[in-house]
Amino acid sequence: MVATTLVYILLVLLSFVLLYLLYLALSLNSRQKATAKILDYDELTGLLSERGFDQEVIRLMKENPNIPYFILDMDIDNFTYYRNIYGDEQSDYLLKSIAGLVFDVLGPEEAAARIRYDHFVFLLSGESEKLKSEMQSRFTQFLNNMSKKMVLMHFGAYQIVDRNEAVGNMRMKAVAAKRQVKGKRNELLGVYNRQLFQKQRTEIELSSSFDAALRDGAIEVYFQPKYSTQSEQIAGAEALARWRRTDGTLMLPGEFVPVFEHNGLITRLDFYIFHQVCKTIIAFKEKGIKLVPISVNFSRVNLYNEDFADKVIDSIKGYAIDPSLIEIEITESAYFENEELLADVARKLHDAGFKMSIDDFGKGYSSLNLMKGNSFDVVKIDQAFLDDTNSNGETSMVILKNILQLTKELNLETVAEGVENRAQIEFLKESGCHLIQGYCFSKPVPCGQFETMLMEKATA
Ligand code: C2E
Ligand code: CA
Ligand code: CA
């Protein structure tokens with residue numbers, strides 16, 4: 001009797017334990033499901049998340065094999081600027097209202113997501129030939145609403161050809177298409193095409209052969225001398241990268257610098273050129289050749305690396321070189337992307353003894369503010385300014401003369417770039433510009449030739 005009761009109690013206990021385990025398993029499963037749901041949707045806008053979108057695209061394509069689809073990428077121009085001006089709350093409100101409009105655009109068997117920040121993506125039905133007109137009719141109301149809010153958006157479309165391609169790849173192609181029209185006011189939609197495909201292939205090829213190019217010395221440094229306007233003797237130079245192809249021809253930076261700025265490899269290129277320049281200066285020094293400051297271009301991309309200034313300062317320590325023999329050129333437009341960051345970096349490098357130079361002044365917004373901080377030593381006036389002295393006559397000359405007057409009062413050295421003829425030289429001489437860099441005196445030349453020129457034509 002006692003034994004039967006014990007067995008009975010044990011059985012009851014066991015069933016409780018089993019029930020509890022079952023409960024645990026079920027609740028874990030539903031929690032996993034809830035987490036998955038959160039990951040599939042964007043909390044702020046209620047649209048799909050990146051993960052949710054990719055899954056939905058696969059599902060919709062499978063369920064609708066006869067619908068032609070395209071991926072549409074979309075983002076707001078200068079959203080960071082908008083957030084800085086209006087704050088987080090207002091910016092989130094804008095994103096939510098965009099999501100509201102997105103739902104209006106969306107048809108059945110289509111999908112939309114907010115990937116991150118102001119970046120939205122759609123799966124829309126449509127034929128490639130009619131893409132532009134289709135987009136126009138669908139998005140007119142949407143864009144009208146946006147322009148009332150003073151918001152400009154750009155789009156990139158990729159017609160899906162291979163449904164087995166990874167959705168992430170498809171999205172990247174739409175982003176590449178959008179990049180073609182980025183910053184344009186009258187063209188809001190870029191469409192992925194064969195040309196773009198070719199361009200992306202070249203980008204991949206360039207990037208994948210970069211390491212080997214550095215290792216094998218295929219990246220060469222050319223030097224373009226800068227001449228004193230008064231004495232017409234060499235008083236400096238700019239180091240410019242060249243890539244020697246296997247067939248012996250040279251590739252100019254216009255072909256690879258934008259690619260590397262885009263994928264971040266530019267920082268490695270810039271430091272490579274920096275080290276080559278340091279080695280060249282040491283070699284000149286050992287040969288007793290008159291030393292002149294040599295400038296190195298550092299892309300704005302470097303500014304996003306917190307250690308950038310320290311890395312430059314550390315790098316020169318390996319050479320017995322006075323930092324004032326190295327001029328660091330950063331383009332003027334860097335100022336508009338991150339004013340404080342540039343000011344900080346420039347101050348640090350200037351304090352460490354480097355010559356700091358504002359490159360391409362006049363190409364963008366001609367920021368006089370940059371000259372205020374005492375962190376820059378040199379202003380390089382862009383060629384576009386000089387071009388204007390030919391076509392626009394008086395006005396450009398007056399502006400240029402005044403810039404030269406201002407820089408003089410601020411004790412800044414001035415270099416005119418892209419000077420091609422005698423009339424420009426005379427004008428710059430009269431207006432007090434210090435240095436001239438341009439084809440009128442010399443094109444960029446290989447190191448050996450520069451060395452010969454230095455021995456023949458260098459001033460103190
Ligand atoms: P930049 O810094 O403005 O360099 C001056 C460019 O103008 C050089 O082109 C030079 O060959 C060209 N140039 C010089 N004088 C004249 C002239 O009288 N007339 C004309 N039409 N052009 C002239 P390059 O070497 O093709 O370089 C183009 C740009 O590539 C450079 O513009 C610079 O922004 C970038 N770059 C070159 N090397 C590097 C590098 O090592 N790092 C980075 N970040 N950028 C580089
Ligand atoms: Ca430059
Ligand atoms: Ca320049």
# chains A, B, ... in the order shown; residues from 1 in each chain; ligands from 1
$ residues_around --residues "Gly183 in chain A" --least-positions-apart "5" --cutoff "10 Å" --atoms "only C-alpha atoms" --output "short mmCIF file (atom, residue, chain, number, x, y, z; two decimals) with all heavy atoms, in the first residue's frame"
data_model
loop_
_atom_site.label_atom_id
_atom_site.label_comp_id
_atom_site.auth_asym_id
_atom_site.auth_seq_id
_atom_site.Cartn_x
_atom_site.Cartn_y
_atom_site.Cartn_z
N ASP A 77 19.11 63.73 -49.25
CA ASP A 77 20.36 64.50 -49.42
C ASP A 77 20.67 65.21 -48.11
O ASP A 77 19.79 65.82 -47.52
CB ASP A 77 20.18 65.56 -50.50
CG ASP A 77 20.32 64.96 -51.87
OD1 ASP A 77 20.12 63.74 -51.98
OD2 ASP A 77 20.65 65.70 -52.81
N ASN A 78 21.91 65.14 -47.69
CA ASN A 78 22.37 65.87 -46.50
C ASN A 78 21.54 65.61 -45.25
O ASN A 78 21.17 66.54 -44.54
CB ASN A 78 22.36 67.39 -46.76
CG ASN A 78 23.33 67.74 -47.86
OD1 ASN A 78 24.38 67.13 -47.97
ND2 ASN A 78 22.94 68.70 -48.68
N LEU A 152 15.21 66.90 -50.32
CA LEU A 152 15.51 66.37 -51.65
C LEU A 152 15.99 64.92 -51.49
O LEU A 152 16.74 64.61 -50.58
CB LEU A 152 16.60 67.22 -52.31
CG LEU A 152 16.89 66.90 -53.77
CD1 LEU A 152 15.72 67.29 -54.66
CD2 LEU A 152 18.15 67.63 -54.24
N MET A 153 15.49 64.05 -52.38
CA MET A 153 15.88 62.65 -52.27
C MET A 153 16.44 62.16 -53.60
O MET A 153 16.09 62.68 -54.65
CB MET A 153 14.66 61.80 -51.90
CG MET A 153 13.89 62.39 -50.76
SD MET A 153 12.84 61.23 -49.92
CE MET A 153 13.97 60.18 -49.09
N HIS A 154 17.30 61.18 -53.53
CA HIS A 154 17.82 60.56 -54.75
C HIS A 154 17.53 59.05 -54.74
O HIS A 154 17.42 58.44 -53.68
CB HIS A 154 19.32 60.83 -54.89
CG HIS A 154 19.59 62.17 -55.48
ND1 HIS A 154 19.83 63.28 -54.73
CD2 HIS A 154 19.63 62.58 -56.78
CE1 HIS A 154 20.01 64.32 -55.53
NE2 HIS A 154 19.90 63.92 -56.78
N LYS A 178 22.39 54.75 -57.74
CA LYS A 178 22.04 56.03 -57.10
C LYS A 178 23.25 56.95 -57.06
O LYS A 178 23.12 58.17 -57.25
CB LYS A 178 21.53 55.75 -55.68
CG LYS A 178 21.08 57.00 -54.94
CD LYS A 178 20.61 56.67 -53.54
CE LYS A 178 21.78 56.16 -52.71
NZ LYS A 178 21.39 55.73 -51.37
N LEU A 188 17.14 62.77 -60.46
CA LEU A 188 16.97 62.14 -59.14
C LEU A 188 17.09 60.63 -59.18
O LEU A 188 17.24 60.00 -58.14
CB LEU A 188 15.60 62.52 -58.56
CG LEU A 188 15.31 64.02 -58.43
CD1 LEU A 188 13.97 64.24 -57.77
CD2 LEU A 188 16.40 64.71 -57.62
#
$ select_by_dssp --residues "range 100-300 of chain A" --states "alpha helix (DSSP H)" --output "MDAnalysis selection string"
chainID A and resid 100:105 131:148 167:179 194:208 210:215 253:263 266:286
$ residues_near_ligand --ligand "ligand 2" --cutoff "8 Å" --atoms "only C-alpha atoms and all ligand atoms" --output "VMD selection string"
chain A and resid 238 240 295 to 297 329 to 331 359 to 360
$ write_last_selection --atoms "C-alpha atoms" --output "CSV table (one decimal), in the first residue's frame"
chain,number,residue,atom,x,y,z
A,238,GLU,CA,53.8,68.2,-55.1
A,240,LEU,CA,51.4,62.8,-57.2
A,295,SER,CA,53.6,68.3,-50.5
A,296,VAL,CA,51.6,65.1,-50.0
A,297,ASN,CA,47.9,64.8,-50.7
A,329,GLU,CA,47.5,69.1,-48.6
A,330,ILE,CA,43.9,68.6,-47.6
A,331,THR,CA,41.1,69.6,-50.0
A,359,ASP,CA,44.1,72.4,-51.5
A,360,ASP,CA,41.7,73.3,-54.4
$ residues_near_ligand --ligand "ligand 1" --cutoff "8 Å" --atoms "only C-alpha atoms and all ligand atoms" --output "JSON, numbers by chain"
{"A": [221, 222, 224, 238, 239, 240, 241, 242, 252, 253, 254, 257, 261, 266, 267, 269, 270, 273, 274, 296, 297, 298, 299, 300, 329, 331, 359, 360, 382, 383, 417, 418, 419, 420, 437, 438, 439, 440, 442, 443, 444]}
$ residues_around --residues "Ala113 in chain A" --least-positions-apart "3" --cutoff "6 Å" --atoms "only C-alpha atoms" --output "number ranges by chain"
A: 47-49, 53, 120-121
$ residues_around --residues "range 123-136 of chain A" --least-positions-apart "2" --cutoff "7 Å" --atoms "only C-alpha atoms" --output "MDAnalysis selection string"
chainID A and resid 57 67:72 110:112 138:140 159
$ atom_distance --atom1 "CA of Lys173 in chain A" --atom2 "CA of Met74 in chain A"
12.4 Å
$ residues_around --residues "range 400-406 of chain A" --least-positions-apart "3" --cutoff "8 Å" --atoms "only C-alpha atoms" --output "PDB file with N, CA and C atoms, in the first residue's frame"
ATOM      1  N   PHE A 385      39.778  78.872 -60.825  1.00  0.00           N
ATOM      2  CA  PHE A 385      39.818  80.311 -60.572  1.00  0.00           C
ATOM      3  C   PHE A 385      40.550  81.042 -61.686  1.00  0.00           C
ATOM      4  N   SER A 396      36.448  87.947 -62.027  1.00  0.00           N
ATOM      5  CA  SER A 396      37.283  86.919 -61.422  1.00  0.00           C
ATOM      6  C   SER A 396      38.627  87.483 -61.006  1.00  0.00           C
ATOM      7  N   MET A 397      39.156  88.388 -61.831  1.00  0.00           N
ATOM      8  CA  MET A 397      40.459  88.980 -61.505  1.00  0.00           C
ATOM      9  C   MET A 397      40.378  89.773 -60.217  1.00  0.00           C
ATOM     10  N   GLU A 409      47.660  89.488 -45.948  1.00  0.00           N
ATOM     11  CA  GLU A 409      47.477  90.078 -44.620  1.00  0.00           C
ATOM     12  C   GLU A 409      47.422  89.028 -43.523  1.00  0.00           C
ATOM     13  N   LEU A 410      46.954  87.838 -43.879  1.00  0.00           N
ATOM     14  CA  LEU A 410      46.882  86.752 -42.888  1.00  0.00           C
ATOM     15  C   LEU A 410      48.180  85.947 -42.835  1.00  0.00           C
ATOM     16  N   THR A 414      50.769  81.558 -50.796  1.00  0.00           N
ATOM     17  CA  THR A 414      49.796  81.201 -51.841  1.00  0.00           C
ATOM     18  C   THR A 414      50.478  80.476 -52.995  1.00  0.00           C
ATOM     19  N   SER A 431      49.941  90.340 -58.807  1.00  0.00           N
ATOM     20  CA  SER A 431      49.005  90.284 -57.683  1.00  0.00           C
ATOM     21  C   SER A 431      49.636  89.755 -56.404  1.00  0.00           C
ATOM     22  N   GLY A 432      50.907  89.363 -56.462  1.00  0.00           N
ATOM     23  CA  GLY A 432      51.593  88.973 -55.226  1.00  0.00           C
ATOM     24  C   GLY A 432      51.449  87.512 -54.851  1.00  0.00           C
ATOM     25  N   CYS A 433      51.088  86.636 -55.803  1.00  0.00           N
ATOM     26  CA  CYS A 433      51.019  85.196 -55.505  1.00  0.00           C
ATOM     27  C   CYS A 433      52.455  84.666 -55.364  1.00  0.00           C
TER      28      CYS A 433
END
$ select_by_dssp --residues "range 98-255 of chain A" --states "strand (DSSP E)" --output "ChimeraX atom specification"
/A:111-116,119-125,153-159,189-191,219-228,234-244,250-251
$ atom_distance --atom1 "CA of Phe79 in chain A" --atom2 "CA of Glu306 in chain A"
22.8 Å
$ residues_around --residues "Ile115 in chain A" --least-positions-apart "4" --cutoff "12 Å" --atoms "only C-alpha atoms" --output "PyMOL selection string"
chain A and resi 39-54+73-75+95+99+119-122+168+171+175
$ write_last_selection --atoms "C-alpha atoms" --output "PDB file, in the first residue's frame"
ATOM      1  CA  LEU A  39      14.712  41.857 -36.138  1.00  0.00           C
ATOM      2  CA  ASP A  40      12.427  41.725 -39.176  1.00  0.00           C
ATOM      3  CA  TYR A  41      10.887  45.160 -38.619  1.00  0.00           C
ATOM      4  CA  ASP A  42      12.250  48.637 -38.162  1.00  0.00           C
ATOM      5  CA  GLU A  43      11.070  49.881 -34.794  1.00  0.00           C
ATOM      6  CA  LEU A  44      10.958  53.566 -35.732  1.00  0.00           C
ATOM      7  CA  THR A  45       9.003  53.418 -38.967  1.00  0.00           C
ATOM      8  CA  GLY A  46       7.209  50.062 -38.902  1.00  0.00           C
ATOM      9  CA  LEU A  47       8.708  49.215 -42.304  1.00  0.00           C
ATOM     10  CA  LEU A  48      10.757  46.064 -42.756  1.00  0.00           C
ATOM     11  CA  SER A  49      14.326  45.942 -41.463  1.00  0.00           C
ATOM     12  CA  GLU A  50      17.260  44.983 -43.684  1.00  0.00           C
ATOM     13  CA  ARG A  51      16.956  41.354 -42.612  1.00  0.00           C
ATOM     14  CA  GLY A  52      13.183  41.325 -42.991  1.00  0.00           C
ATOM     15  CA  PHE A  53      13.445  42.911 -46.430  1.00  0.00           C
ATOM     16  CA  ASP A  54      15.903  40.344 -47.773  1.00  0.00           C
ATOM     17  CA  ASP A  73      17.244  52.459 -53.244  1.00  0.00           C
ATOM     18  CA  MET A  74      16.453  55.895 -51.842  1.00  0.00           C
ATOM     19  CA  ASP A  75      17.969  58.363 -49.393  1.00  0.00           C
ATOM     20  CA  LEU A  95      11.672  59.506 -41.223  1.00  0.00           C
ATOM     21  CA  ALA A  99       7.547  55.776 -44.110  1.00  0.00           C
ATOM     22  CA  HIS A 119      18.314  54.891 -46.185  1.00  0.00           C
ATOM     23  CA  PHE A 120      15.202  53.197 -47.623  1.00  0.00           C
ATOM     24  CA  VAL A 121      14.864  50.341 -50.078  1.00  0.00           C
ATOM     25  CA  PHE A 122      11.940  48.933 -52.090  1.00  0.00           C
ATOM     26  CA  GLY A 168      22.423  42.101 -50.624  1.00  0.00           C
ATOM     27  CA  ARG A 171      20.754  46.241 -53.123  1.00  0.00           C
ATOM     28  CA  VAL A 175      23.090  51.928 -54.409  1.00  0.00           C
TER      29      VAL A 175
END
$ atom_distance --atom1 "CA of Leu265 in chain A" --atom2 "CA of Met251 in chain A"
16.7 Å
$ residues_around --residues "Ala309 in chain A" --least-positions-apart "2" --cutoff "10 Å" --atoms "only C-alpha atoms" --output "PyMOL selection string"
chain A and resi 302-303+305-307+311-315+344-350+352
